[in-house]
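Engineer: Okay, here's the structure, questions in a sec.
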Amino acid sequence: MKTLYIVIGTISLALGILGIFLPLLPTTPFLLLTAALYFKGSSRLYNWLLNHRYFGPYIRNYRENKAIPLRAKIVSLVLMWGTMLYCIFFLIPLIWVKVLLGLIAAGVTYHILSFKTLK
């Protein structure tokens with residue numbers, strides 16, 4: 001089972017890393033899942049993740065404060081809305097898909113803004 005936790009945790013980590021660059025793929029939930037899976041699969045990988053220069057703060061901030069840094073909120077919302085608006089106005093011909101994308105963007109925005117902001 002430990003090997004399975006490590007494999008799934010590594011896939012989750014890869015998706016979390018992709019989420020840094022892809023606006024619709026969330027980073028923090030995948031990193032939290034990775035932490036939970038690494039905790040069950042390997043204490044060495046779990047400690048590496050928590051002490052990682054880039055990933056560790058995501059997990060610690062969420063676990064300890066239930067908060068997101070202001071810079072992360074701004075960057076994620078600007079990238080998401082930029083991508084969504086580009087898709088809505090230039091790529092998607094179907095009105096119902098445009099409306100759906102707008103509703104998804106509004107929901108994600110609400111979700112991100114519902115967290116406390118770290119100063």
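In the structure tokens, chains take the letters A, B, ... in the order shown, each chain's residues start at 1, and ligands count up from 1 in the order shown.
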May I have the residues within 9 Å of segment 82-88 of chain A as a list in words, using only C-alpha atoms and disregarding those fewer than 2 positions away in the same chain?
Structural biologist: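 Using only C-alpha atoms, the neighbours found are Pro23, Leu24, Leu77, Val78, Leu79, Met80, Phe90, Leu91, Ile92, Pro93, Ile95, Val97, Lys98, Val99, Leu101, Gly102 and Ala105 of chain A.
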Engineer: Kindly indicate which residue among A:Leu4, A:Ala72, A:Ile59, A:Val108 lies nearest to Leu31 of chain A, using only C-alpha atoms for the distances.
Structural biologist: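 Of the candidates, the smallest distance to Leu31 of chain A is held by A:Ile59.
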Engineer: Could you give me, as JSON, numbers by chain, the residues within 12 Å of Asn65 of chain A, counting only C-alpha atoms and dropping anything in the same chain fewer than 5 positions from it?
Structural biologist: {"A": [57, 58, 59, 60, 115, 116, 117, 118, 119]}
Engineer: Calculated over only C-alpha atoms, which of the candidates A:Leu70, A:Ile20, A:Val75, A:Ile104 has the smallest distance to Tyr54 of chain A?
Structural biologist: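 Nearest candidate to Tyr54 of chain A out of A:Leu70, A:Ile20, A:Val75, A:Ile104: A:Ile20.
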Engineer: Can you work out which one of A:Ile112, A:Leu100, A:Ala67, A:Leu33 has the shortest atom-to-atom distance to Ala14 of chain A, counting only C-alpha atoms?
Structural biologist: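 Looking only at the distances to Ala14 of chain A, the closest residue turns out to be A:Leu33.
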Engineer: I need the helix (DSSP H, G or I) residues of chain A per DSSP on the backbone, written as a PyMOL selection string.
Structural biologist: chain A and resi 2-21+28-41+43-50+55-65+70-91+95-114
Engineer: Given the choices A:Ser76, A:Thr3, A:Ser114, A:Asn61, which gets closest to Ser42 of chain A if the distance is worked out from only C-alpha atoms?
Structural biologist: A:Thr3
Engineer: Go ahead and compute the interatomic distance for atom CA of Leu49 of chain A and atom CA of Thr34 of chain A, in Å to one decimal.
Structural biologist: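 Computed distance, atom CA of Leu49 of chain A to atom CA of Thr34 of chain A, equals 8.5 Å.
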Engineer: For Leu45 of chain A, work out the shell of residues within 12 Å, counting only C-alpha atoms and skipping chain neighbours fewer than 4 positions away, then give it as a list of chain:residue names.
Structural biologist: A:Lys2, A:Thr3, A:Tyr5, A:Ile6, A:Val7, A:Gly9, A:Thr10, A:Leu13, A:Thr34, A:Ala35, A:Ala36, A:Leu37, A:Tyr38, A:Phe39, A:Lys40, A:Gly41, A:Leu49, A:Leu50, A:Asn51, A:His52, A:Gly56
Engineer: Dump all heavy atoms for the selected residues as a compact mmCIF listing (two decimals), in the first residue's frame?
Structural biologist:
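What follows is the written file result_12.txt:
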```txt
# COMPACT_ATOMS: atom_id res chain seq x y z
N LYS A 2 1.99 1.21 0.71
CA LYS A 2 2.84 2.40 0.78
C LYS A 2 3.32 2.81 -0.60
O LYS A 2 3.36 4.00 -0.91
CB LYS A 2 4.02 2.17 1.72
CG LYS A 2 3.63 2.14 3.17
CD LYS A 2 4.84 2.06 4.06
CE LYS A 2 4.36 2.11 5.51
NZ LYS A 2 5.35 2.66 6.38
N THR A 3 3.64 1.84 -1.43
CA THR A 3 4.09 2.15 -2.79
C THR A 3 2.97 2.82 -3.57
O THR A 3 3.21 3.79 -4.31
CB THR A 3 4.55 0.87 -3.51
OG1 THR A 3 5.56 0.25 -2.72
CG2 THR A 3 5.07 1.18 -4.89
N TYR A 5 0.51 4.65 -2.32
CA TYR A 5 0.40 6.02 -1.81
C TYR A 5 1.46 6.93 -2.42
O TYR A 5 1.19 8.07 -2.79
CB TYR A 5 0.52 6.04 -0.29
CG TYR A 5 -0.66 5.49 0.45
CD1 TYR A 5 -0.49 4.64 1.53
CD2 TYR A 5 -1.97 5.83 0.09
CE1 TYR A 5 -1.56 4.13 2.23
CE2 TYR A 5 -3.05 5.31 0.79
CZ TYR A 5 -2.84 4.47 1.85
OH TYR A 5 -3.91 3.97 2.54
N ILE A 6 2.66 6.42 -2.54
CA ILE A 6 3.76 7.21 -3.10
C ILE A 6 3.50 7.50 -4.58
O ILE A 6 3.69 8.63 -5.04
CB ILE A 6 5.11 6.50 -2.89
CG1 ILE A 6 5.45 6.48 -1.40
CG2 ILE A 6 6.21 7.18 -3.69
CD1 ILE A 6 6.63 5.59 -1.04
N VAL A 7 3.07 6.50 -5.33
CA VAL A 7 2.82 6.68 -6.76
C VAL A 7 1.69 7.70 -6.98
O VAL A 7 1.83 8.64 -7.77
CB VAL A 7 2.50 5.33 -7.44
CG1 VAL A 7 1.97 5.53 -8.85
CG2 VAL A 7 3.73 4.44 -7.45
N GLY A 9 0.62 9.90 -4.86
CA GLY A 9 1.10 11.18 -4.35
C GLY A 9 1.98 11.90 -5.36
O GLY A 9 1.89 13.12 -5.52
N THR A 10 2.81 11.16 -6.06
CA THR A 10 3.69 11.75 -7.07
C THR A 10 2.87 12.25 -8.26
O THR A 10 3.16 13.33 -8.81
CB THR A 10 4.75 10.73 -7.50
OG1 THR A 10 5.47 10.30 -6.33
CG2 THR A 10 5.71 11.32 -8.52
N LEU A 13 1.34 15.40 -7.11
CA LEU A 13 2.35 16.47 -7.11
C LEU A 13 2.55 17.02 -8.52
O LEU A 13 2.62 18.24 -8.71
CB LEU A 13 3.67 15.94 -6.54
CG LEU A 13 4.83 16.92 -6.53
CD1 LEU A 13 4.51 18.14 -5.67
CD2 LEU A 13 6.10 16.23 -6.03
N THR A 34 -1.15 15.43 -2.04
CA THR A 34 0.20 14.86 -2.06
C THR A 34 0.73 14.71 -0.64
O THR A 34 1.29 13.67 -0.29
CB THR A 34 1.15 15.75 -2.89
OG1 THR A 34 0.64 15.86 -4.22
CG2 THR A 34 2.55 15.18 -2.92
N ALA A 35 0.55 15.74 0.18
CA ALA A 35 1.03 15.68 1.56
C ALA A 35 0.36 14.53 2.31
O ALA A 35 1.03 13.78 3.04
CB ALA A 35 0.77 17.01 2.27
N ALA A 36 -0.95 14.38 2.15
CA ALA A 36 -1.66 13.30 2.84
C ALA A 36 -1.17 11.93 2.37
O ALA A 36 -0.97 11.02 3.19
CB ALA A 36 -3.16 13.44 2.61
N LEU A 37 -0.97 11.79 1.07
CA LEU A 37 -0.52 10.50 0.54
C LEU A 37 0.93 10.19 0.93
O LEU A 37 1.25 9.06 1.28
CB LEU A 37 -0.69 10.48 -0.98
CG LEU A 37 -2.14 10.47 -1.46
CD1 LEU A 37 -2.22 10.78 -2.94
CD2 LEU A 37 -2.81 9.14 -1.15
N TYR A 38 1.78 11.21 0.87
CA TYR A 38 3.17 11.01 1.29
C TYR A 38 3.25 10.72 2.79
O TYR A 38 4.10 9.97 3.24
CB TYR A 38 4.02 12.21 0.95
CG TYR A 38 4.47 12.29 -0.50
CD1 TYR A 38 5.22 13.35 -0.95
CD2 TYR A 38 4.16 11.29 -1.41
CE1 TYR A 38 5.65 13.43 -2.26
CE2 TYR A 38 4.57 11.35 -2.73
CZ TYR A 38 5.32 12.44 -3.15
OH TYR A 38 5.75 12.51 -4.45
N PHE A 39 2.36 11.31 3.57
CA PHE A 39 2.33 11.05 5.01
C PHE A 39 2.09 9.57 5.28
O PHE A 39 2.71 8.98 6.15
CB PHE A 39 1.24 11.90 5.68
CG PHE A 39 1.14 11.69 7.16
CD1 PHE A 39 2.05 12.29 8.01
CD2 PHE A 39 0.14 10.89 7.69
CE1 PHE A 39 1.97 12.09 9.38
CE2 PHE A 39 0.05 10.70 9.07
CZ PHE A 39 0.97 11.29 9.91
N LYS A 40 1.19 8.98 4.49
CA LYS A 40 0.89 7.55 4.66
C LYS A 40 1.93 6.65 4.00
O LYS A 40 2.13 5.52 4.42
CB LYS A 40 -0.48 7.23 4.08
CG LYS A 40 -1.61 7.82 4.88
CD LYS A 40 -2.93 7.37 4.33
CE LYS A 40 -4.04 7.89 5.22
NZ LYS A 40 -5.22 7.06 5.16
N GLY A 41 2.58 7.16 2.95
CA GLY A 41 3.49 6.31 2.18
C GLY A 41 4.95 6.41 2.54
O GLY A 41 5.66 5.40 2.51
N LEU A 49 8.52 17.34 1.20
CA LEU A 49 7.47 18.21 0.67
C LEU A 49 7.21 19.40 1.60
O LEU A 49 7.11 20.54 1.14
CB LEU A 49 6.19 17.40 0.46
CG LEU A 49 5.03 18.12 -0.21
CD1 LEU A 49 5.39 18.48 -1.65
CD2 LEU A 49 3.79 17.24 -0.19
N LEU A 50 7.12 19.15 2.89
CA LEU A 50 6.86 20.24 3.84
C LEU A 50 8.00 21.22 3.93
O LEU A 50 7.79 22.40 4.23
CB LEU A 50 6.56 19.67 5.23
CG LEU A 50 5.22 19.00 5.41
CD1 LEU A 50 5.04 18.56 6.85
CD2 LEU A 50 4.08 19.92 5.02
N ASN A 51 9.21 20.76 3.67
CA ASN A 51 10.38 21.64 3.76
C ASN A 51 10.83 22.17 2.40
O ASN A 51 11.84 22.85 2.32
CB ASN A 51 11.52 20.90 4.46
CG ASN A 51 11.18 20.61 5.88
OD1 ASN A 51 10.71 21.48 6.62
ND2 ASN A 51 11.38 19.37 6.30
N HIS A 52 10.08 21.84 1.36
CA HIS A 52 10.43 22.30 0.01
C HIS A 52 10.30 23.82 -0.07
O HIS A 52 9.38 24.41 0.50
CB HIS A 52 9.53 21.64 -1.03
CG HIS A 52 10.00 21.84 -2.43
ND1 HIS A 52 9.69 22.96 -3.16
CD2 HIS A 52 10.79 21.07 -3.22
CE1 HIS A 52 10.25 22.87 -4.35
NE2 HIS A 52 10.93 21.74 -4.41
N GLY A 56 6.33 23.76 0.17
CA GLY A 56 6.12 23.75 1.61
C GLY A 56 5.23 24.88 2.12
O GLY A 56 4.30 24.65 2.89
```
Engineer: In Å, with one decimal, what is the gap from atom CA of Pro26 of chain A to atom CA of Trp48 of chain A?
Structural biologist: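 One can read the atom CA of Pro26 of chain A to atom CA of Trp48 of chain A distance as 21.0 Å.
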Engineer: What is the atom CA of Arg63 of chain A to atom CA of Phe21 of chain A distance in Å?
Structural biologist: 22.7 Å
